[in-house]
file run-v8.pdb (PDB, C-alpha atoms)
ATOM      1  CA  MET A   1      27.747  44.002  11.869  1.00  0.00           C
ATOM      2  CA  THR A   2      31.054  42.776  13.197  1.00  0.00           C
ATOM      3  CA  LYS A   3      34.176  44.814  12.557  1.00  0.00           C
ATOM      4  CA  GLU A   4      35.051  42.517   9.614  1.00  0.00           C
ATOM      5  CA  GLY A   5      31.793  43.599   7.936  1.00  0.00           C
ATOM      6  CA  SER A   6      29.952  40.298   8.307  1.00  0.00           C
ATOM      7  CA  PRO A   7      26.555  40.190  10.012  1.00  0.00           C
ATOM      8  CA  GLN A   8      26.422  39.421  13.725  1.00  0.00           C
ATOM      9  CA  PRO A   9      25.432  35.764  14.309  1.00  0.00           C
ATOM     10  CA  LEU A  10      21.878  35.289  15.542  1.00  0.00           C
ATOM     11  CA  ASP A  11      20.340  32.434  17.471  1.00  0.00           C
ATOM     12  CA  TRP A  12      18.169  30.174  15.312  1.00  0.00           C
ATOM     13  CA  TYR A  13      15.761  27.596  16.706  1.00  0.00           C
ATOM     14  CA  ILE A  14      15.675  24.472  14.567  1.00  0.00           C
ATOM     15  CA  THR A  15      13.416  21.420  14.675  1.00  0.00           C
ATOM     16  CA  VAL A  16      14.293  18.422  12.528  1.00  0.00           C
ATOM     17  CA  THR A  17      11.668  15.692  12.112  1.00  0.00           C
ATOM     18  CA  PHE A  18      13.010  12.429  10.744  1.00  0.00           C
ATOM     19  CA  THR A  19      12.372   8.756  10.117  1.00  0.00           C
ATOM     20  CA  THR A  20      14.829   5.890  10.383  1.00  0.00           C
ATOM     21  CA  LYS A  21      14.710   2.278   9.258  1.00  0.00           C
ATOM     22  CA  THR A  22      17.004   1.196  12.087  1.00  0.00           C
ATOM     23  CA  PRO A  23      15.052   0.956  15.361  1.00  0.00           C
ATOM     24  CA  MET A  24      16.302   3.132  18.217  1.00  0.00           C
ATOM     25  CA  ASP A  25      16.328   1.850  21.766  1.00  0.00           C
ATOM     26  CA  SER A  26      15.034   3.624  24.862  1.00  0.00           C
ATOM     27  CA  GLU A  27      18.478   5.069  25.670  1.00  0.00           C
ATOM     28  CA  ALA A  28      18.834   6.783  22.279  1.00  0.00           C
ATOM     29  CA  GLY A  29      17.217  10.000  23.498  1.00  0.00           C
ATOM     30  CA  PHE A  30      19.728  10.437  26.312  1.00  0.00           C
ATOM     31  CA  ASP A  31      22.605   9.675  23.950  1.00  0.00           C
ATOM     32  CA  ILE A  32      21.352  12.254  21.437  1.00  0.00           C
ATOM     33  CA  LEU A  33      21.060  14.894  24.166  1.00  0.00           C
ATOM     34  CA  ASP A  34      24.657  14.196  25.207  1.00  0.00           C
ATOM     35  CA  ALA A  35      25.937  14.296  21.616  1.00  0.00           C
ATOM     36  CA  LEU A  36      24.158  17.586  20.882  1.00  0.00           C
ATOM     37  CA  ALA A  37      24.527  19.242  24.304  1.00  0.00           C
ATOM     38  CA  GLU A  38      26.344  22.284  22.877  1.00  0.00           C
ATOM     39  CA  HIS A  39      23.193  23.008  20.835  1.00  0.00           C
ATOM     40  CA  HIS A  40      20.830  22.764  23.837  1.00  0.00           C
ATOM     41  CA  ALA A  41      18.998  19.914  22.121  1.00  0.00           C
ATOM     42  CA  SER A  42      15.765  18.236  23.099  1.00  0.00           C
ATOM     43  CA  ALA A  43      14.470  15.077  21.463  1.00  0.00           C
ATOM     44  CA  ALA A  44      11.178  13.229  21.089  1.00  0.00           C
ATOM     45  CA  LEU A  45      11.754   9.743  19.705  1.00  0.00           C
ATOM     46  CA  SER A  46       9.924   6.619  18.672  1.00  0.00           C
ATOM     47  CA  THR A  47      11.432   3.395  17.400  1.00  0.00           C
ATOM     48  CA  ASP A  48      11.224   4.582  13.776  1.00  0.00           C
ATOM     49  CA  GLY A  49      11.998   8.309  13.995  1.00  0.00           C
ATOM     50  CA  GLY A  50      11.230  11.423  15.930  1.00  0.00           C
ATOM     51  CA  SER A  51      12.210  15.055  16.190  1.00  0.00           C
ATOM     52  CA  ILE A  52      15.192  16.932  17.529  1.00  0.00           C
ATOM     53  CA  SER A  53      14.997  20.603  18.489  1.00  0.00           C
ATOM     54  CA  LEU A  54      18.181  22.618  18.930  1.00  0.00           C
ATOM     55  CA  THR A  55      19.735  26.065  18.624  1.00  0.00           C
ATOM     56  CA  VAL A  56      22.557  27.314  16.420  1.00  0.00           C
ATOM     57  CA  SER A  57      24.221  30.672  15.866  1.00  0.00           C
ATOM     58  CA  ALA A  58      24.472  31.854  12.270  1.00  0.00           C
ATOM     59  CA  PRO A  59      24.145  35.135  10.361  1.00  0.00           C
ATOM     60  CA  ASP A  60      20.974  34.001   8.559  1.00  0.00           C
ATOM     61  CA  ALA A  61      18.525  31.102   8.214  1.00  0.00           C
ATOM     62  CA  VAL A  62      20.225  29.687   5.111  1.00  0.00           C
ATOM     63  CA  GLN A  63      23.553  29.424   6.904  1.00  0.00           C
ATOM     64  CA  ALA A  64      21.782  27.934   9.934  1.00  0.00           C
ATOM     65  CA  ALA A  65      20.256  25.278   7.662  1.00  0.00           C
ATOM     66  CA  ALA A  66      23.681  24.547   6.179  1.00  0.00           C
ATOM     67  CA  LEU A  67      24.900  23.535   9.655  1.00  0.00           C
ATOM     68  CA  ILE A  68      22.274  20.782  10.039  1.00  0.00           C
ATOM     69  CA  PRO A  69      24.135  17.966   8.225  1.00  0.00           C
ATOM     70  CA  GLN A  70      27.236  18.312  10.399  1.00  0.00           C
ATOM     71  CA  ILE A  71      25.123  18.579  13.553  1.00  0.00           C
ATOM     72  CA  LEU A  72      23.103  15.479  12.644  1.00  0.00           C
ATOM     73  CA  ALA A  73      26.377  13.674  11.906  1.00  0.00           C
ATOM     74  CA  LYS A  74      27.201  13.989  15.627  1.00  0.00           C
ATOM     75  CA  ALA A  75      24.034  12.007  16.387  1.00  0.00           C
ATOM     76  CA  GLN A  76      24.450   9.516  13.526  1.00  0.00           C
ATOM     77  CA  PRO A  77      26.062   6.781  15.646  1.00  0.00           C
ATOM     78  CA  ILE A  78      22.834   6.830  17.672  1.00  0.00           C
ATOM     79  CA  THR A  79      20.190   7.495  15.016  1.00  0.00           C
ATOM     80  CA  ARG A  80      22.079   5.768  12.193  1.00  0.00           C
ATOM     81  CA  ALA A  81      20.778   6.692   8.740  1.00  0.00           C
ATOM     82  CA  VAL A  82      17.882   9.122   8.928  1.00  0.00           C
ATOM     83  CA  THR A  83      15.539  10.619   6.364  1.00  0.00           C
ATOM     84  CA  VAL A  84      14.700  14.234   7.184  1.00  0.00           C
ATOM     85  CA  VAL A  85      10.948  14.760   6.822  1.00  0.00           C
ATOM     86  CA  THR A  86      10.672  18.401   7.917  1.00  0.00           C
ATOM     87  CA  LEU A  87      13.100  21.133   8.850  1.00  0.00           C
ATOM     88  CA  GLU A  88      11.773  24.202  10.656  1.00  0.00           C
ATOM     89  CA  ILE A  89      14.039  27.174  11.298  1.00  0.00           C
ATOM     90  CA  LEU A  90      12.779  30.071  13.411  1.00  0.00           C
ATOM     91  CA  SER A  91      14.434  33.349  14.327  1.00  0.00           C
ATOM     92  CA  GLU A  92      14.498  34.174  18.010  1.00  0.00           C
ATOM     93  CA  ASP A  93      11.575  36.598  17.587  1.00  0.00           C
ATOM     94  CA  ALA A  94       9.501  34.012  15.690  1.00  0.00           C
ATOM     95  CA  PHE A  95      10.366  31.347  18.253  1.00  0.00           C
ATOM     96  CA  GLN A  96       9.312  33.598  21.145  1.00  0.00           C
ATOM     97  CA  ALA A  97       6.064  34.454  19.325  1.00  0.00           C
ATOM     98  CA  SER A  98       5.362  30.738  18.815  1.00  0.00           C
ATOM     99  CA  LEU A  99       5.593  30.218  22.571  1.00  0.00           C
ATOM    100  CA  ASP A 100       2.691  32.642  23.003  1.00  0.00           C
ATOM    101  CA  GLU A 101       0.454  30.629  20.648  1.00  0.00           C
ATOM    102  CA  PRO A 102      -1.656  27.898  22.225  1.00  0.00           C
ATOM    103  CA  GLU A 103      -0.576  24.361  21.380  1.00  0.00           C
ATOM    104  CA  ILE A 104      -4.162  23.121  21.409  1.00  0.00           C
ATOM    105  CA  PRO A 105      -6.315  24.498  18.588  1.00  0.00           C
ATOM    106  CA  ASP A 106      -9.549  26.325  19.352  1.00  0.00           C
ATOM    107  CA  LEU A 107     -12.038  23.455  19.671  1.00  0.00           C
ATOM    108  CA  VAL A 108     -15.827  23.476  19.566  1.00  0.00           C
ATOM    109  CA  GLY A 109     -18.425  20.996  20.737  1.00  0.00           C
ATOM    110  CA  LEU A 110     -22.072  20.521  19.875  1.00  0.00           C
ATOM    111  CA  THR A 111     -23.326  23.596  21.770  1.00  0.00           C
ATOM    112  CA  GLU A 112     -20.839  25.903  20.032  1.00  0.00           C
ATOM    113  CA  ILE A 113     -21.590  24.313  16.648  1.00  0.00           C
ATOM    114  CA  ALA A 114     -25.307  24.969  17.202  1.00  0.00           C
ATOM    115  CA  GLU A 115     -24.578  28.619  18.044  1.00  0.00           C
ATOM    116  CA  MET A 116     -22.246  29.051  15.059  1.00  0.00           C
ATOM    117  CA  ALA A 117     -24.809  27.551  12.651  1.00  0.00           C
ATOM    118  CA  GLY A 118     -27.786  29.300  14.261  1.00  0.00           C
ATOM    119  CA  VAL A 119     -29.625  26.038  14.902  1.00  0.00           C
ATOM    120  CA  SER A 120     -30.823  24.014  17.875  1.00  0.00           C
ATOM    121  CA  ARG A 121     -28.573  21.432  19.525  1.00  0.00           C
ATOM    122  CA  GLN A 122     -30.820  18.731  18.090  1.00  0.00           C
ATOM    123  CA  ARG A 123     -30.349  20.075  14.557  1.00  0.00           C
ATOM    124  CA  ALA A 124     -26.604  20.468  15.167  1.00  0.00           C
ATOM    125  CA  ASN A 125     -26.497  16.812  16.213  1.00  0.00           C
ATOM    126  CA  ALA A 126     -27.946  15.891  12.798  1.00  0.00           C
ATOM    127  CA  ILE A 127     -25.631  18.288  10.940  1.00  0.00           C
ATOM    128  CA  VAL A 128     -22.426  16.812  12.416  1.00  0.00           C
ATOM    129  CA  LYS A 129     -23.421  13.425  10.970  1.00  0.00           C
ATOM    130  CA  GLN A 130     -23.311  14.748   7.395  1.00  0.00           C
ATOM    131  CA  ASP A 131     -20.410  13.428   5.315  1.00  0.00           C
ATOM    132  CA  SER A 132     -19.387  16.964   4.359  1.00  0.00           C
ATOM    133  CA  PHE A 133     -19.085  18.114   7.980  1.00  0.00           C
ATOM    134  CA  PRO A 134     -15.541  18.371   9.405  1.00  0.00           C
ATOM    135  CA  ALA A 135     -14.330  15.256  11.190  1.00  0.00           C
ATOM    136  CA  PRO A 136     -13.759  15.430  14.947  1.00  0.00           C
ATOM    137  CA  VAL A 137     -10.164  15.963  16.019  1.00  0.00           C
ATOM    138  CA  LEU A 138     -10.825  14.847  19.585  1.00  0.00           C
ATOM    139  CA  THR A 139     -13.343  12.463  21.119  1.00  0.00           C
ATOM    140  CA  LEU A 140     -13.890  12.448  24.882  1.00  0.00           C
ATOM    141  CA  ALA A 141     -16.617  11.197  27.179  1.00  0.00           C
ATOM    142  CA  ALA A 142     -18.020  14.742  26.943  1.00  0.00           C
ATOM    143  CA  GLY A 143     -18.431  14.387  23.180  1.00  0.00           C
ATOM    144  CA  GLN A 144     -16.684  15.038  19.904  1.00  0.00           C
ATOM    145  CA  PHE A 145     -14.718  18.213  19.286  1.00  0.00           C
ATOM    146  CA  ARG A 146     -13.779  19.860  16.017  1.00  0.00           C
ATOM    147  CA  THR A 147     -11.556  22.813  15.204  1.00  0.00           C
ATOM    148  CA  ARG A 148     -13.419  26.116  15.249  1.00  0.00           C
ATOM    149  CA  ALA A 149     -11.795  27.154  11.950  1.00  0.00           C
ATOM    150  CA  ALA A 150     -12.997  24.014  10.118  1.00  0.00           C
ATOM    151  CA  VAL A 151     -16.539  24.380  11.467  1.00  0.00           C
ATOM    152  CA  GLN A 152     -16.599  28.110  10.662  1.00  0.00           C
ATOM    153  CA  ASN A 153     -15.489  27.371   7.101  1.00  0.00           C
ATOM    154  CA  TRP A 154     -18.201  24.707   6.766  1.00  0.00           C
ATOM    155  CA  VAL A 155     -20.899  27.039   8.148  1.00  0.00           C
ATOM    156  CA  GLU A 156     -19.856  29.824   5.747  1.00  0.00           C
ATOM    157  CA  ASN A 157     -20.177  27.436   2.782  1.00  0.00           C
ATOM    158  CA  TRP A 158     -23.300  25.632   4.001  1.00  0.00           C
ATOM    159  CA  THR A 159     -26.291  25.863   1.699  1.00  0.00           C
ATOM    160  CA  ARG A 160     -29.040  26.070   4.240  1.00  0.00           C
ATOM    161  CA  ARG A 161     -32.461  24.832   3.219  1.00  0.00           C
ATOM    162  CA  PRO A 162     -35.220  25.749   5.671  1.00  0.00           C
ATOM    163  CA  GLY A 163     -37.936  23.277   6.513  1.00  0.00           C
ATOM    164  CA  ARG A 164     -38.171  19.535   6.321  1.00  0.00           C
ATOM    165  CA  LYS A 165     -37.009  17.373   3.444  1.00  0.00           C
ATOM    166  CA  PRO A 166     -39.777  16.837   0.888  1.00  0.00           C
ATOM    167  CA  GLY A 167     -41.893  13.790   1.660  1.00  0.00           C
ATOM    168  CA  THR A 168     -41.188  13.785   5.392  1.00  0.00           C
ATOM    169  CA  SER A 169     -43.530  14.750   8.137  1.00  0.00           C
ATOM    170  CA  PRO A 170     -43.047  15.220  11.830  1.00  0.00           C
ATOM    171  CA  THR A 171     -43.652  12.247  14.066  1.00  0.00           C
ATOM    172  CA  PRO A 172     -47.102  12.607  15.652  1.00  0.00           C
ATOM    173  CA  ARG A 173     -46.944  13.264  19.356  1.00  0.00           C
ATOM    174  CA  ALA A 174     -48.922  11.183  21.787  1.00  0.00           C
ATOM    175  CA  ASN A 175     -51.522  13.125  23.727  1.00  0.00           C
ATOM    176  CA  ALA A 176     -50.450  13.731  27.269  1.00  0.00           C
TER
END

call {"tool": "encode", "arguments": {"input": "run-v8.pdb", "output": "structure tokens"}}
result
Amino acid sequence: MTKEGSPQPLDWYITVTFTTKTPMDSEAGFDILDALAEHHASAALSTDGGSISLTVSAPDAVQAAALIPQILAKAQPITRAVTVVTLEILSEDAFQASLDEPEIPDLVGLTEIAEMAGVSRQRANAIVKQDSFPAPVLTLAAGQFRTRAAVQNWVENWTRRPGRKPGTSPTPRANA
């Protein structure tokens, strides 16, 4: 508390994601950084929107959010009219904790899927082709990768039926 009885201002980390109908040029990012320098801003832009991350000092998150319109007004000559899509406000502790979290989700490939489902790689290869199986989030030359959480959820809800489908038989092997 300050001596006037009001709470001590805290640092808040804010990310604003937005869209715009007026295309921004390649210099817009530098201009936004200059306009918002006092807020230690960073920007990631495309021609039709982007995100701006910055810091503000305020007693609480609500008051930090209330500062956003006047801060964005400083960038308005560059961004022109924007539509805010998301607004994320983190305390310093939450922001620091987010830095410790990996940016890339825990991914699994065919071998891990086979282990998680308790099946062979060949069976896992058939399972991933089912419509109900989680879609890959990444495809590389090494194969398709899915989030571990999505696969784990699928495995936990999978109704496993042992054996072959009725009316099918194994392909006869040629004698060696």

call {"tool": "resolve_selection", "arguments": {"input": "run-v8.pdb", "expression": "the PyMOL selection byres ((chain A and resi 101-107) around 7)", "output": "ChimeraX atom specification"}}
result
/A:97-100,108-109,145-148

call {"tool": "closest_residue", "arguments": {"input": "run-v8.pdb", "among": "A:Val137, A:Ala58, A:Leu110, A:Ala44", "to": "Arg123 (chain A)", "atoms": "only C-alpha atoms"}}
result
A:Leu110

call {"tool": "atom_distance", "arguments": {"input": "run-v8.pdb", "atom1": "CA of Ala142 (chain A)", "atom2": "CA of Asn125 (chain A)"}}
result
13.8 Å

call {"tool": "resolve_selection", "arguments": {"input": "run-v8.pdb", "expression": "the PyMOL selection byres ((chain A and resi 50) around 9)", "output": "PDB file with C-alpha atoms, in the coordinates of the input"}}
result
ATOM      1  CA  VAL A  16      14.293  18.422  12.528  1.00  0.00           C
ATOM      2  CA  THR A  17      11.668  15.692  12.112  1.00  0.00           C
ATOM      3  CA  PHE A  18      13.010  12.429  10.744  1.00  0.00           C
ATOM      4  CA  THR A  19      12.372   8.756  10.117  1.00  0.00           C
ATOM      5  CA  THR A  20      14.829   5.890  10.383  1.00  0.00           C
ATOM      6  CA  ALA A  43      14.470  15.077  21.463  1.00  0.00           C
ATOM      7  CA  ALA A  44      11.178  13.229  21.089  1.00  0.00           C
ATOM      8  CA  LEU A  45      11.754   9.743  19.705  1.00  0.00           C
ATOM      9  CA  SER A  46       9.924   6.619  18.672  1.00  0.00           C
ATOM     10  CA  THR A  47      11.432   3.395  17.400  1.00  0.00           C
ATOM     11  CA  ASP A  48      11.224   4.582  13.776  1.00  0.00           C
ATOM     12  CA  GLY A  49      11.998   8.309  13.995  1.00  0.00           C
ATOM     13  CA  SER A  51      12.210  15.055  16.190  1.00  0.00           C
ATOM     14  CA  ILE A  52      15.192  16.932  17.529  1.00  0.00           C
TER      15      ILE A  52
END

call {"tool": "closest_residue", "arguments": {"input": "run-v8.pdb", "among": "A:Gly29, A:Pro136, A:Pro7, A:Pro23", "to": "Val82 (chain A)", "atoms": "only C-alpha atoms"}}
result
A:Pro23

call {"tool": "resolve_selection", "arguments": {"input": "run-v8.pdb", "expression": "the PyMOL selection byres ((chain A and resi 38) around 12)", "output": "ChimeraX atom specification"}}
result
/A:32-37,39-42,54-57,71,74

call {"tool": "residues_around", "arguments": {"input": "run-v8.pdb", "residues": "Ala94 (chain A)", "least_positions_apart": "6", "cutoff": "12 Å", "atoms": "only C-alpha atoms", "output": "PyMOL selection string"}}
result
chain A and resi 11-14+88+100-101

call {"tool": "atom_distance", "arguments": {"input": "run-v8.pdb", "atom1": "CA of Pro77 (chain A)", "atom2": "CA of Ala64 (chain A)"}}
result
22.3 Å

call {"tool": "atom_distance", "arguments": {"input": "run-v8.pdb", "atom1": "CA of Gly143 (chain A)", "atom2": "CA of Arg160 (chain A)"}}
result
24.7 Å

call {"tool": "residues_around", "arguments": {"input": "run-v8.pdb", "residues": "Ala114 (chain A)", "least_positions_apart": "5", "cutoff": "12 Å", "atoms": "all atoms listed in the file", "output": "short mmCIF file (atom, residue, chain, number, x, y, z; two decimals) with C-alpha atoms, in the frame of the given file"}}
result
data_model
loop_
_atom_site.label_atom_id
_atom_site.label_comp_id
_atom_site.auth_asym_id
_atom_site.auth_seq_id
_atom_site.Cartn_x
_atom_site.Cartn_y
_atom_site.Cartn_z
CA VAL A 108 -15.83 23.48 19.57
CA GLY A 109 -18.42 21.00 20.74
CA VAL A 119 -29.62 26.04 14.90
CA SER A 120 -30.82 24.01 17.88
CA ARG A 121 -28.57 21.43 19.52
CA GLN A 122 -30.82 18.73 18.09
CA ARG A 123 -30.35 20.08 14.56
CA ALA A 124 -26.60 20.47 15.17
CA ASN A 125 -26.50 16.81 16.21
CA ALA A 126 -27.95 15.89 12.80
CA ILE A 127 -25.63 18.29 10.94
CA VAL A 128 -22.43 16.81 12.42
CA VAL A 151 -16.54 24.38 11.47
CA GLN A 152 -16.60 28.11 10.66
CA VAL A 155 -20.90 27.04 8.15
#

call {"tool": "axis_aligned_box", "arguments": {"input": "run-v8.pdb", "around": "region 55-73 of chain A", "padding_each_side": "3 Å", "output": "JSON"}}
result
{"center_x": 22.9, "center_y": 24.4, "center_z": 11.9, "size_x": 14.7, "size_y": 27.5, "size_z": 19.5}

call {"tool": "closest_residue", "arguments": {"input": "run-v8.pdb", "among": "A:Leu90, A:Arg161, A:Ala149, A:Ser53", "to": "Leu72 (chain A)", "atoms": "only C-alpha atoms"}}
result
A:Ser53
